[in-house]
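A.B. asks: Contents of start12.txt (compact mmCIF, C-alpha atoms and all ligand atoms) are below:
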# COMPACT_ATOMS: atom_id res chain seq x y z
CA MET Z 875 28.45 44.66 -31.41
CA THR Z 876 25.15 43.15 -32.35
CA ASP Z 877 24.78 41.66 -35.79
CA LYS Z 878 21.94 42.39 -38.19
CA ARG Z 879 19.36 39.66 -38.53
CA LEU Z 880 17.76 38.46 -41.74
CA PRO Z 881 14.00 37.86 -42.01
CA PHE Z 882 14.64 34.74 -44.08
CA THR Z 883 16.79 31.65 -43.77
CA LYS Z 884 19.54 30.58 -46.14
CA ASP Z 885 17.26 27.84 -47.49
CA GLN Z 886 14.48 30.35 -48.13
CA LEU Z 887 16.91 32.56 -50.03
CA GLU Z 888 18.12 29.57 -52.03
CA ALA Z 889 14.49 28.84 -52.90
CA ILE Z 890 14.16 32.34 -54.35
CA ALA Z 891 17.52 32.00 -56.11
CA ALA Z 892 16.21 28.83 -57.77
CA LYS Z 893 13.60 31.01 -59.55
CA VAL Z 894 15.38 34.36 -59.88
CA PRO Z 895 18.99 34.78 -60.98
CA THR Z 896 21.39 36.33 -58.48
CA PRO Z 897 21.97 39.12 -57.83
CA PHE Z 898 18.49 40.35 -56.86
CA HIS Z 899 16.96 42.74 -54.34
CA VAL Z 900 14.37 41.33 -51.94
CA TYR Z 901 12.04 43.51 -49.85
CA ASP Z 902 10.35 42.45 -46.62
CA GLU Z 903 6.69 43.48 -46.96
CA GLY Z 904 5.67 42.70 -43.39
CA ALA Z 905 8.49 44.76 -41.91
CA MET Z 906 7.69 47.72 -44.19
CA ARG Z 907 4.06 47.65 -43.06
CA LYS Z 908 4.97 47.39 -39.39
CA ASN Z 909 7.34 50.36 -39.63
CA ALA Z 910 4.80 52.48 -41.54
CA ARG Z 911 2.19 51.80 -38.85
CA ALA Z 912 4.58 52.81 -36.05
CA PHE Z 913 5.40 56.02 -37.94
CA TYR Z 914 1.72 56.90 -38.33
CA GLU Z 915 1.06 56.03 -34.71
CA ALA Z 916 3.76 58.51 -33.65
CA PHE Z 917 1.93 61.29 -35.51
CA SER Z 918 -1.64 60.19 -34.86
CA TRP Z 919 -2.14 63.43 -32.88
CA VAL Z 920 -1.87 65.59 -36.03
CA PRO Z 921 -5.14 67.43 -36.68
CA GLY Z 922 -6.65 66.35 -39.99
CA GLY Z 923 -4.37 63.31 -40.15
CA PHE Z 924 -0.69 62.84 -40.78
CA VAL Z 925 0.55 61.74 -44.20
CA ASN Z 926 4.02 60.62 -45.15
CA TYR Z 927 4.53 61.23 -48.84
CA TYR Z 928 6.90 58.43 -49.77
CA ALA Z 929 9.82 59.74 -51.84
CA VAL Z 930 9.21 57.51 -54.84
CA LYS Z 931 12.79 57.87 -56.07
CA ALA Z 932 13.98 55.66 -53.20
CA LEU Z 933 12.30 52.51 -54.55
CA PRO Z 934 10.21 53.16 -57.64
CA ASN Z 935 8.36 49.88 -57.94
CA PRO Z 936 4.55 49.95 -58.23
CA TYR Z 937 4.10 46.78 -56.15
CA VAL Z 938 5.93 48.40 -53.27
CA LEU Z 939 3.93 51.61 -53.76
CA GLU Z 940 0.75 49.50 -53.56
CA VAL Z 941 1.80 48.20 -50.17
CA LEU Z 942 2.61 51.70 -48.96
CA LYS Z 943 -0.66 53.06 -50.34
CA GLU Z 944 -2.53 50.42 -48.34
CA GLU Z 945 -0.76 51.75 -45.25
CA GLY Z 946 -1.99 55.27 -46.02
CA LEU Z 947 1.17 56.73 -47.50
CA GLY Z 948 1.15 59.21 -50.35
CA GLY Z 949 3.78 59.80 -53.02
CA ASP Z 950 6.48 62.46 -53.17
CA CYS Z 951 7.31 62.83 -56.86
CA SER Z 952 9.90 64.88 -58.66
CA SER Z 953 9.56 63.71 -62.25
CA TYR Z 954 7.01 62.84 -64.91
CA ALA Z 955 7.74 59.12 -64.63
CA GLU Z 956 7.24 59.14 -60.87
CA LEU Z 957 3.89 60.91 -61.33
CA VAL Z 958 2.79 58.32 -63.89
CA MET Z 959 3.78 55.49 -61.56
CA CYS Z 960 1.74 56.96 -58.70
CA GLU Z 961 -1.22 57.43 -61.03
CA ALA Z 962 -1.02 53.79 -62.12
CA VAL Z 963 -1.07 52.65 -58.49
CA GLY Z 964 -4.01 54.95 -57.70
CA ILE Z 965 -2.08 57.50 -55.67
CA THR Z 966 -3.53 60.74 -57.01
CA GLY Z 967 -4.86 64.15 -55.97
CA GLU Z 968 -3.51 65.53 -52.73
CA LYS Z 969 -1.94 62.15 -51.92
CA ILE Z 970 0.85 63.40 -54.21
CA VAL Z 971 3.28 66.18 -53.46
CA PHE Z 972 5.21 67.25 -56.52
CA THR Z 973 8.57 68.62 -55.35
CA SER Z 974 10.82 69.14 -58.32
CA ASN Z 975 13.58 71.51 -59.27
CA ASP Z 976 14.67 72.74 -62.69
CA THR Z 977 11.25 71.47 -63.76
CA PRO Z 978 10.08 70.89 -67.36
CA ALA Z 979 6.67 72.36 -68.24
CA GLU Z 980 5.10 68.97 -69.00
CA ASP Z 981 5.93 67.74 -65.51
CA TYR Z 982 3.99 70.64 -63.99
CA GLN Z 983 1.11 69.96 -66.37
CA LYS Z 984 0.97 66.30 -65.36
CA ALA Z 985 1.12 67.19 -61.66
CA ALA Z 986 -1.74 69.68 -62.11
CA GLU Z 987 -3.76 67.14 -64.12
CA LEU Z 988 -3.45 64.67 -61.24
CA GLY Z 989 -4.47 67.32 -58.71
CA ALA Z 990 -1.17 66.95 -56.86
CA ILE Z 991 0.00 69.48 -54.30
CA ILE Z 992 2.57 71.42 -56.29
CA ASN Z 993 5.56 72.52 -54.27
CA LEU Z 994 7.51 75.26 -56.06
CA ASP Z 995 11.29 75.35 -55.88
CA ASP Z 996 11.80 78.95 -56.92
CA ILE Z 997 10.00 82.28 -56.98
CA SER Z 998 10.36 82.47 -60.77
CA HIS Z 999 8.33 79.25 -61.02
CA ILE Z 1000 5.16 81.08 -59.98
CA ALA Z 1001 5.06 82.85 -63.35
CA PHE Z 1002 6.36 79.75 -65.15
CA LEU Z 1003 3.61 77.61 -63.65
CA GLU Z 1004 0.93 80.16 -64.38
CA LYS Z 1005 2.00 80.32 -68.02
CA THR Z 1006 2.36 76.53 -68.25
CA LEU Z 1007 -1.16 76.00 -66.93
CA GLY Z 1008 -2.68 78.47 -69.36
CA GLY Z 1009 -2.83 81.49 -67.06
CA LYS Z 1010 -4.43 79.88 -64.04
CA LEU Z 1011 -2.67 78.87 -60.84
CA PRO Z 1012 -3.87 75.87 -58.83
CA GLU Z 1013 -6.10 76.62 -55.84
CA MET Z 1014 -3.41 75.29 -53.51
CA LEU Z 1015 0.33 75.96 -53.67
CA CYS Z 1016 3.31 75.20 -51.52
CA PHE Z 1017 6.84 76.66 -51.45
CA ARG Z 1018 10.08 74.97 -50.55
CA TYR Z 1019 12.08 76.97 -48.01
CA ASN Z 1020 15.88 77.01 -48.00
CA PRO Z 1021 17.00 78.55 -44.70
CA GLY Z 1022 20.48 79.23 -46.15
CA PRO Z 1023 22.96 80.93 -43.85
CA LEU Z 1024 20.23 81.44 -41.22
CA LYS Z 1025 20.97 77.87 -40.22
CA GLU Z 1026 24.75 78.29 -40.29
CA GLY Z 1027 26.55 76.85 -37.32
CA ASN Z 1028 24.29 73.86 -37.12
CA ALA Z 1029 26.60 71.00 -37.99
CA ILE Z 1030 23.68 68.61 -38.24
CA ILE Z 1031 22.04 70.40 -41.14
CA GLY Z 1032 25.18 71.01 -43.16
CA LYS Z 1033 25.17 74.03 -45.41
CA PRO Z 1034 21.76 74.89 -46.87
CA GLU Z 1035 23.26 77.97 -48.58
CA GLU Z 1036 25.27 75.63 -50.78
CA ALA Z 1037 22.11 73.78 -51.80
CA LYS Z 1038 20.41 74.58 -55.12
CA TYR Z 1039 16.92 74.11 -53.70
CA GLY Z 1040 14.18 76.35 -52.49
CA PHE Z 1041 13.28 79.97 -51.72
CA THR Z 1042 15.25 82.35 -49.54
CA ARG Z 1043 13.44 83.72 -46.53
CA GLU Z 1044 12.78 87.08 -48.23
CA GLN Z 1045 11.46 85.31 -51.33
CA LEU Z 1046 8.97 83.36 -49.20
CA PHE Z 1047 7.33 86.58 -48.01
CA GLU Z 1048 7.37 88.04 -51.52
CA GLY Z 1049 6.11 84.81 -53.09
CA TYR Z 1050 3.18 84.24 -50.75
CA ARG Z 1051 2.18 87.90 -51.14
CA LEU Z 1052 2.12 87.35 -54.90
CA LEU Z 1053 0.02 84.20 -54.53
CA ARG Z 1054 -2.39 85.95 -52.18
CA ASP Z 1055 -2.79 88.85 -54.59
CA LYS Z 1056 -3.38 86.42 -57.47
CA GLY Z 1057 -6.23 84.84 -55.53
CA VAL Z 1058 -4.61 81.60 -54.39
CA LYS Z 1059 -6.60 80.46 -51.37
CA ARG Z 1060 -4.78 77.49 -49.88
CA PHE Z 1061 -1.18 77.58 -48.73
CA GLY Z 1062 1.47 75.05 -47.86
CA LEU Z 1063 5.06 75.39 -46.68
CA HIS Z 1064 7.84 72.86 -47.07
CA THR Z 1065 11.50 72.40 -46.30
CA MET Z 1066 13.95 69.58 -46.82
CA VAL Z 1067 17.48 70.19 -45.69
CA ALA Z 1068 18.80 66.93 -44.31
CA SER Z 1069 19.49 63.44 -45.43
CA ASN Z 1070 20.05 60.24 -43.50
CA GLU Z 1071 19.92 62.06 -40.17
CA LEU Z 1072 19.76 59.95 -37.00
CA ASN Z 1073 19.67 62.82 -34.50
CA ALA Z 1074 16.05 63.34 -33.44
CA ASP Z 1075 16.73 66.96 -32.38
CA TYR Z 1076 17.09 67.90 -36.01
CA PHE Z 1077 13.49 67.05 -36.90
CA VAL Z 1078 12.12 68.88 -33.90
CA GLU Z 1079 14.20 71.96 -34.83
CA THR Z 1080 12.93 71.81 -38.42
CA ALA Z 1081 9.33 71.65 -37.24
CA GLN Z 1082 9.88 74.58 -34.86
CA MET Z 1083 11.49 76.59 -37.66
CA LEU Z 1084 8.45 76.08 -39.91
CA PHE Z 1085 5.97 76.75 -37.08
CA ASP Z 1086 7.72 80.06 -36.33
CA LEU Z 1087 7.66 80.98 -40.01
CA VAL Z 1088 3.95 80.29 -40.26
CA VAL Z 1089 3.35 82.71 -37.40
CA GLU Z 1090 5.47 85.40 -39.07
CA LEU Z 1091 3.94 84.90 -42.51
CA ASN Z 1092 0.49 85.10 -40.99
CA ARG Z 1093 1.35 88.35 -39.23
CA ALA Z 1094 2.94 89.89 -42.32
CA LEU Z 1095 0.45 88.76 -44.97
CA GLY Z 1096 -2.69 87.68 -43.14
CA ILE Z 1097 -2.63 84.24 -44.78
CA ARG Z 1098 -3.36 80.97 -43.03
CA PHE Z 1099 -1.51 77.77 -43.78
CA GLU Z 1100 -3.26 74.44 -44.03
CA PHE Z 1101 -0.30 72.22 -44.89
CA LEU Z 1102 3.20 71.94 -43.46
CA ASN Z 1103 5.63 69.48 -44.93
CA LEU Z 1104 8.68 68.82 -42.75
CA GLY Z 1105 10.50 67.00 -45.54
CA GLY Z 1106 12.20 63.64 -45.30
CA GLY Z 1107 15.69 62.81 -44.18
CA ILE Z 1108 15.07 60.48 -41.24
CA GLY Z 1109 18.11 58.26 -41.29
CA ILE Z 1110 18.45 54.53 -40.81
CA PRO Z 1111 21.01 52.58 -38.79
CA TYR Z 1112 23.17 51.19 -41.60
CA ARG Z 1113 25.77 50.15 -39.03
CA PRO Z 1114 24.84 47.51 -36.47
CA GLU Z 1115 25.94 49.75 -33.60
CA GLN Z 1116 23.67 52.64 -34.69
CA THR Z 1117 20.16 53.15 -33.33
CA ALA Z 1118 17.05 54.08 -35.29
CA VAL Z 1119 15.35 57.43 -34.62
CA ASP Z 1120 12.75 57.11 -31.85
CA LEU Z 1121 9.70 58.09 -33.91
CA ALA Z 1122 7.30 58.12 -30.97
CA ALA Z 1123 9.52 60.58 -29.09
CA VAL Z 1124 9.96 62.81 -32.16
CA GLY Z 1125 6.19 62.81 -32.65
CA GLN Z 1126 5.59 63.91 -29.06
CA ARG Z 1127 8.23 66.64 -29.18
CA ILE Z 1128 6.83 68.04 -32.43
CA LYS Z 1129 3.36 67.93 -30.89
CA ALA Z 1130 4.61 70.05 -27.98
CA ALA Z 1131 6.14 72.56 -30.42
CA TYR Z 1132 2.90 72.62 -32.43
CA GLU Z 1133 0.86 73.39 -29.33
CA LYS Z 1134 3.28 76.02 -28.09
CA THR Z 1135 3.51 77.86 -31.42
CA ILE Z 1136 0.60 77.03 -33.74
CA VAL Z 1137 -2.22 76.38 -31.30
CA ALA Z 1138 -1.16 79.17 -28.92
CA ASN Z 1139 -1.28 81.65 -31.81
CA GLY Z 1140 -4.70 80.43 -32.91
CA LEU Z 1141 -3.36 79.22 -36.26
CA GLY Z 1142 -4.52 75.60 -36.15
CA PRO Z 1143 -5.55 73.20 -37.40
CA ILE Z 1144 -2.66 72.64 -39.81
CA ARG Z 1145 -2.05 69.31 -41.48
CA ILE Z 1146 1.50 68.12 -40.94
CA ALA Z 1147 3.20 65.89 -43.45
CA MET Z 1148 6.61 64.39 -44.05
CA GLU Z 1149 8.16 62.92 -47.16
CA CYS Z 1150 10.53 60.27 -45.90
CA GLY Z 1151 11.80 57.73 -48.37
CA ARG Z 1152 14.86 56.07 -46.93
CA MET Z 1153 13.39 55.12 -43.55
CA ILE Z 1154 10.23 53.72 -45.15
CA THR Z 1155 11.86 51.04 -47.30
CA GLY Z 1156 15.64 51.25 -46.79
CA PRO Z 1157 16.11 48.82 -43.90
CA TYR Z 1158 13.75 46.28 -45.44
CA GLY Z 1159 15.67 45.62 -48.65
CA TYR Z 1160 18.50 43.14 -49.16
CA LEU Z 1161 20.79 42.63 -52.13
CA VAL Z 1162 21.34 38.90 -52.49
CA SER Z 1163 24.42 37.85 -54.39
CA ARG Z 1164 26.72 34.87 -54.82
CA VAL Z 1165 30.46 34.54 -54.38
CA LEU Z 1166 32.00 34.01 -57.82
CA HIS Z 1167 35.69 34.20 -57.03
CA LYS Z 1168 38.16 34.64 -54.22
CA LYS Z 1169 41.57 36.08 -54.80
CA ALA Z 1170 44.57 36.77 -52.60
CA ILE Z 1171 47.06 39.39 -53.78
CA TYR Z 1172 48.13 42.34 -51.62
CA LYS Z 1173 44.73 42.01 -49.99
CA ASN Z 1174 42.05 39.33 -49.87
CA TYR Z 1175 39.12 39.81 -52.21
CA LEU Z 1176 35.69 38.26 -52.22
CA GLY Z 1177 34.27 38.73 -55.72
CA LEU Z 1178 30.48 38.75 -56.03
CA ASP Z 1179 28.13 38.45 -58.98
CA ALA Z 1180 26.64 41.79 -57.87
CA CYS Z 1181 28.46 45.01 -58.59
CA MET Z 1182 28.17 48.76 -58.12
CA ALA Z 1183 25.50 48.79 -60.85
CA ASN Z 1184 23.21 46.97 -58.38
CA LEU Z 1185 24.07 49.18 -55.40
CA MET Z 1186 25.95 52.37 -56.01
CA ARG Z 1187 26.05 53.83 -52.49
CA PRO Z 1188 29.30 52.26 -51.21
CA GLY Z 1189 31.22 53.15 -54.37
CA MET Z 1190 29.66 56.58 -54.81
CA TYR Z 1191 29.46 57.87 -51.23
CA GLY Z 1192 31.70 55.43 -49.36
CA SER Z 1193 28.57 54.34 -47.50
CA TYR Z 1194 28.58 51.46 -45.08
CA HIS Z 1195 26.29 48.54 -45.88
CA HIS Z 1196 26.36 45.58 -43.56
CA ILE Z 1197 27.19 42.22 -45.14
CA THR Z 1198 26.29 38.78 -43.85
CA VAL Z 1199 26.73 35.25 -45.12
CA PRO Z 1200 23.51 33.33 -44.39
CA GLY Z 1201 24.11 30.00 -42.72
CA LYS Z 1202 27.62 31.02 -41.65
CA GLU Z 1203 26.64 33.25 -38.74
CA SER Z 1204 29.02 31.48 -36.38
CA ALA Z 1205 31.71 30.57 -38.90
CA PRO Z 1206 35.27 31.93 -38.56
CA LYS Z 1207 35.72 35.45 -39.89
CA LYS Z 1208 38.26 36.91 -42.25
CA VAL Z 1209 39.06 40.40 -43.53
CA TYR Z 1210 38.06 41.03 -47.13
CA ASP Z 1211 37.46 43.69 -49.69
CA VAL Z 1212 34.11 42.66 -51.16
CA THR Z 1213 34.07 43.51 -54.83
CA GLY Z 1214 32.00 43.57 -58.00
CA SER Z 1215 33.20 43.16 -61.56
CA LEU Z 1216 33.08 46.71 -62.97
CA CYS Z 1217 36.26 48.10 -64.47
CA GLU Z 1218 36.32 50.65 -61.65
CA ASN Z 1219 38.43 50.20 -58.56
CA ASN Z 1220 35.71 51.81 -56.43
CA ASP Z 1221 33.41 48.89 -57.27
CA LYS Z 1222 33.72 47.64 -53.71
CA PHE Z 1223 30.83 46.91 -51.34
CA ALA Z 1224 33.20 46.87 -48.39
CA ILE Z 1225 36.86 47.57 -47.72
CA ASP Z 1226 38.85 45.77 -45.01
CA ARG Z 1227 35.65 44.24 -43.65
CA GLU Z 1228 35.72 41.34 -41.24
CA ILE Z 1229 32.99 38.94 -42.38
CA ALA Z 1230 32.29 35.22 -42.26
CA ASP Z 1231 34.74 33.41 -44.51
CA ALA Z 1232 32.39 32.63 -47.39
CA ALA Z 1233 33.12 29.93 -49.95
CA ILE Z 1234 32.73 30.21 -53.70
CA GLY Z 1235 29.04 29.64 -54.47
CA ASP Z 1236 27.80 30.89 -51.09
CA LEU Z 1237 25.03 33.46 -50.95
CA VAL Z 1238 26.09 36.82 -49.53
CA VAL Z 1239 23.53 39.39 -48.34
CA ILE Z 1240 24.12 43.13 -48.41
CA HIS Z 1241 21.75 44.86 -46.01
CA ASP Z 1242 19.64 48.03 -46.13
CA THR Z 1243 19.28 48.22 -49.90
CA GLY Z 1244 15.57 49.13 -49.94
CA ALA Z 1245 16.24 52.79 -50.72
CA HIS Z 1246 18.50 54.06 -53.50
CA GLY Z 1247 19.55 50.48 -54.24
CA HIS Z 1248 17.97 49.12 -57.41
CA ALA Z 1249 16.71 52.66 -58.05
CA MET Z 1250 20.21 54.02 -58.64
CA GLY Z 1251 21.15 51.09 -60.86
CA PHE Z 1252 22.78 51.56 -64.22
CA ASN Z 1253 24.04 49.62 -67.21
CA TYR Z 1254 27.71 50.60 -67.33
CA ASN Z 1255 29.97 47.82 -68.58
CA GLY Z 1256 26.88 46.20 -70.07
CA LYS Z 1257 25.59 45.13 -66.67
CA LEU Z 1258 21.95 44.05 -66.68
CA ARG Z 1259 19.71 45.43 -63.98
CA SER Z 1260 18.52 42.84 -61.51
CA ALA Z 1261 15.16 41.44 -60.51
CA GLU Z 1262 13.25 42.66 -57.45
CA VAL Z 1263 11.36 40.33 -55.15
CA LEU Z 1264 8.74 41.02 -52.50
CA TRP Z 1265 9.13 38.75 -49.48
CA GLN Z 1266 5.69 38.02 -48.03
CA GLY Z 1267 6.76 35.81 -45.13
CA ASP Z 1268 6.35 32.08 -44.45
CA GLY Z 1269 8.36 31.22 -47.55
CA LYS Z 1270 6.05 33.18 -49.83
CA PHE Z 1271 7.45 35.67 -52.30
CA LYS Z 1272 6.48 37.52 -55.46
CA VAL Z 1273 8.77 38.60 -58.29
CA ILE Z 1274 7.88 42.27 -58.72
CA ARG Z 1275 10.41 43.04 -61.45
CA ARG Z 1276 12.09 40.54 -63.71
CA ALA Z 1277 15.79 40.73 -64.41
CA GLU Z 1278 16.82 42.58 -67.55
CA THR Z 1279 17.91 40.63 -70.62
CA LEU Z 1280 20.34 41.54 -73.37
CA ASN Z 1281 17.32 42.46 -75.50
CA ASP Z 1282 16.35 45.06 -72.90
CA LEU Z 1283 19.88 46.40 -72.89
CA PHE Z 1284 20.07 46.61 -76.68
CA GLY Z 1285 16.42 47.66 -77.08
CA THR Z 1286 17.23 51.21 -78.17
CA LEU Z 1287 19.84 50.09 -80.72
CA ASP Z 1288 18.61 49.28 -84.19
CA TYR Z 1289 21.61 47.22 -85.25
CA PRO Z 1290 21.88 43.75 -86.79
CA GLY Z 1291 23.23 40.96 -84.67
CA LEU Z 1292 22.21 42.39 -81.32
CA ARG Z 1293 18.86 40.64 -81.02
CA ARG Z 1294 18.89 37.35 -79.10
C1 LIG Z 1301 14.92 62.61 -51.58
C2 LIG Z 1301 13.88 63.50 -51.09
C3 LIG Z 1301 13.09 63.13 -50.01
C4 LIG Z 1301 13.31 61.87 -49.23
O1 LIG Z 1301 14.45 61.90 -48.48
P1 LIG Z 1301 14.79 60.68 -47.52
O2 LIG Z 1301 16.17 61.01 -47.05
O3 LIG Z 1301 14.76 59.46 -48.37
O4 LIG Z 1301 13.80 60.64 -46.45
C5 LIG Z 1301 12.08 63.95 -49.64
N1 LIG Z 1301 11.85 65.11 -50.29
C6 LIG Z 1301 12.59 65.50 -51.32
C7 LIG Z 1301 12.25 66.78 -51.99
C8 LIG Z 1301 13.63 64.72 -51.76
O5 LIG Z 1301 14.36 65.11 -52.80
Please rewrite the model in this file as structure tokens.
Ligand SMILES: *Cc1c(COP(=O)(O)O)cnc(C)c1O

C.D. replies:
Amino acid sequence: MTDKRLPFTKDQLEAIAAKVPTPFHVYDEGAMRKNARAFYEAFSWVPGGFVNYYAVKALPNPYVLEVLKEEGLGGDCSSYAELVMCEAVGITGEKIVFTSNDTPAEDYQKAAELGAIINLDDISHIAFLEKTLGGKLPEMLCFRYNPGPLKEGNAIIGKPEEAKYGFTREQLFEGYRLLRDKGVKRFGLHTMVASNELNADYFVETAQMLFDLVVELNRALGIRFEFLNLGGGIGIPYRPEQTAVDLAAVGQRIKAAYEKTIVANGLGPIRIAMECGRMITGPYGYLVSRVLHKKAIYKNYLGLDACMANLMRPGMYGSYHHITVPGKESAPKKVYDVTGSLCENNDKFAIDREIADAAIGDLVVIHDTGAHGHAMGFNYNGKLRSAEVLWQGDGKFKVIRRAETLNDLFGTLDYPGLRR
């Protein structure tokens, strides 16, 4: 089994820790850029240019969005705050896809104000949007498709009919007919039915499903599509023995499907987009923590100064996150449960994990925290949310979010004695 490498040395991490209290998340800018370029290269064949709309929820930090914007990425937003953050960074217009569900009116208004591509989650939202925008629909609209039981039997996809999102197949035909009759001129189609998927076949199947639908919708309604959004869901190898999705191969296979279905039916050119979040930043984030305590009872515990409030995935989903002890790569190993301090027994980053036998005070790195890491943080047990750092290589780094203080935590309480 190969181990996961760090882009920084122990001394470099200690240099950050001298300025920023542990725990903190650190993101490798160079590696994010390199990955984004390879992704775009894989889809450079797309007519009109490929865009990945970064799912902002994965790592909502404007400094990271700036980096991604420079690499040509757009923003996939699902809330007012995410729209505002994209606006602040200068991601606006059709560089935003707004894919929400159970959406408040003001969110739709903000999305329309920014000129975002609005992706509706339900057929009833056509009327809701029209009313919200004062009786006028945007010139361009997109629907989210939920294939439901039509995809049953495909273990990869799971069960779309249990998912709350999107239009049924029948509703798609009805919805686009309604749009056409209301004078909408530009059409998009979207689906998003997987998460953290490492099997490349899945993405090719999704593309083929949408291409086939475009042909059918064109035949039934006479409308042409200009925008197809294949969704996100490209997984990352959290475990050292897993392999990343071969983006170049996926790009070529989708190109073949596009030619066979879209081009052959004379329906091109259609812009193809994705909205991956996890694979864009996930592998390039690291939660850096220190060993506070070690205890030996019925099991051996390594107690960190980070907890589930800094990274919820292991406790919430039982997810694997690799853990290394910088500087102790060849030290003897020992089996530990690696814990945080919440009053919750599922506050464990790893259970029965063989890792280097760290000492109290050692730095411990939890890998692949660049998506749904800091973003899913919370303040339970009075835990303060951590700082975020952008690693720029050669020992250079930038603090892109300071750590919270007690004043931040108590900021919404008007009560004597809580101000520091
Ligand atoms: C979360 C989400 C994504 C991103 O999914 P990843 O698994 O991070 O690629 C894309 N689109 C929508 C609508 C989402 O909710």

A.B. asks: Around ligand LIG 1301 (chain Z), out to 10 Å and counting only C-alpha atoms and all ligand atoms, which residues are there? I want them as a VMD selection string.

C.D. replies: chain Z and resid 926 to 933 949 to 952 971 to 975 993 995 1018 1039 to 1040 1064 to 1071 1103 to 1110 1148 to 1156 1245 to 1246

A.B. asks: Suppose you want the space between CA of Leu1258 in chain Z and CA of Glu1278 in chain Z; what is it in Å?

C.D. replies: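 According to the coordinates, CA of Leu1258 in chain Z and CA of Glu1278 in chain Z are separated by 5.4 Å.
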
A.B. asks: Of the residues Z:Arg1093, Z:Lys1168, Z:Lys1038, Z:Lys1059, which is the one nearest to Pro1012 in chain Z, using all atoms listed in the file?

C.D. replies: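 Looking at the shortest contact to Pro1012 in chain Z, the residue is Z:Lys1059.
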
A.B. asks: Could you please determine the separation between CA of Glu940 in chain Z and CA of Met959 in chain Z in Å, to one decimal place?

C.D. replies: 10.4 Å

A.B. asks: Using all atoms listed in the file, what residues lie at most 7 Å away from (25.4, 38.2, -46.1) (file coordinates), given as a list in words?

C.D. replies: Ile1197, Thr1198, Val1199, Pro1200, Leu1237, Val1238, Val1239 and Ile1240 of chain Z

A.B. asks: Could the residues of range 1210-1271 of chain Z that have an atom at most 6 Å from range 1169-1193 of chain Z be listed as CSV, each with its closest atom pair and the distance in Å to one decimal, counting all atoms listed in the file and ordered by chain and ascending residue number?

C.D. replies:
residue,atom,partner,partner_atom,distance
Z:Tyr1210,CA,Z:Asn1174,CA,5.1
Z:Asp1211,CA,Z:Tyr1175,CA,4.9
Z:Val1212,CA,Z:Leu1176,CA,4.8
Z:Thr1213,CA,Z:Gly1177,CA,4.9
Z:Gly1214,CA,Z:Cys1181,CA,3.9
Z:Ser1215,CA,Z:Cys1181,CA,5.9
Z:Asn1220,CA,Z:Gly1189,CA,5.1
Z:Asp1221,CA,Z:Met1182,CA,5.3
Z:Phe1223,CA,Z:Pro1188,CA,5.6
Z:Gly1247,CA,Z:Leu1185,CA,4.8
Z:His1248,CA,Z:Asn1184,CA,5.7
Z:Gly1251,CA,Z:Ala1183,CA,4.9
Z:Phe1252,CA,Z:Ala1183,CA,5.1

A.B. asks: Would you list the contacts of range 881-893 of chain Z as a short mmCIF file (atom, residue, chain, number, x, y, z; two decimals) with C-alpha atoms, in the coordinates of the input, taking every protein, DNA or RNA residue within 12 Å and counting all atoms listed in the file, but skipping same-chain residues closer than 6 positions in sequence?

C.D. replies:
data_model
loop_
_atom_site.label_atom_id
_atom_site.label_comp_id
_atom_site.auth_asym_id
_atom_site.auth_seq_id
_atom_site.Cartn_x
_atom_site.Cartn_y
_atom_site.Cartn_z
CA HIS Z 899 16.96 42.74 -54.34
CA VAL Z 900 14.37 41.33 -51.94
CA TYR Z 901 12.04 43.51 -49.85
CA ASP Z 902 10.35 42.45 -46.62
CA GLU Z 903 6.69 43.48 -46.96
CA GLY Z 904 5.67 42.70 -43.39
CA ALA Z 905 8.49 44.76 -41.91
CA MET Z 906 7.69 47.72 -44.19
CA PRO Z 1157 16.11 48.82 -43.90
CA TYR Z 1158 13.75 46.28 -45.44
CA GLY Z 1159 15.67 45.62 -48.65
CA TYR Z 1160 18.50 43.14 -49.16
CA LEU Z 1161 20.79 42.63 -52.13
CA VAL Z 1162 21.34 38.90 -52.49
CA SER Z 1163 24.42 37.85 -54.39
CA ARG Z 1164 26.72 34.87 -54.82
CA THR Z 1198 26.29 38.78 -43.85
CA VAL Z 1199 26.73 35.25 -45.12
CA PRO Z 1200 23.51 33.33 -44.39
CA GLY Z 1201 24.11 30.00 -42.72
CA LYS Z 1202 27.62 31.02 -41.65
CA GLU Z 1203 26.64 33.25 -38.74
CA GLY Z 1235 29.04 29.64 -54.47
CA ASP Z 1236 27.80 30.89 -51.09
CA LEU Z 1237 25.03 33.46 -50.95
CA VAL Z 1238 26.09 36.82 -49.53
CA VAL Z 1239 23.53 39.39 -48.34
CA HIS Z 1241 21.75 44.86 -46.01
CA ALA Z 1261 15.16 41.44 -60.51
CA GLU Z 1262 13.25 42.66 -57.45
CA VAL Z 1263 11.36 40.33 -55.15
CA LEU Z 1264 8.74 41.02 -52.50
CA TRP Z 1265 9.13 38.75 -49.48
CA GLN Z 1266 5.69 38.02 -48.03
CA GLY Z 1267 6.76 35.81 -45.13
CA ASP Z 1268 6.35 32.08 -44.45
CA GLY Z 1269 8.36 31.22 -47.55
CA LYS Z 1270 6.05 33.18 -49.83
CA PHE Z 1271 7.45 35.67 -52.30
CA LYS Z 1272 6.48 37.52 -55.46
CA VAL Z 1273 8.77 38.60 -58.29
CA ARG Z 1276 12.09 40.54 -63.71
CA ALA Z 1277 15.79 40.73 -64.41
#

A.B. asks: To one decimal place in Å, what is the distance between CA of Asp996 in chain Z and CA of Phe1017 in chain Z?

C.D. replies: 7.7 Å
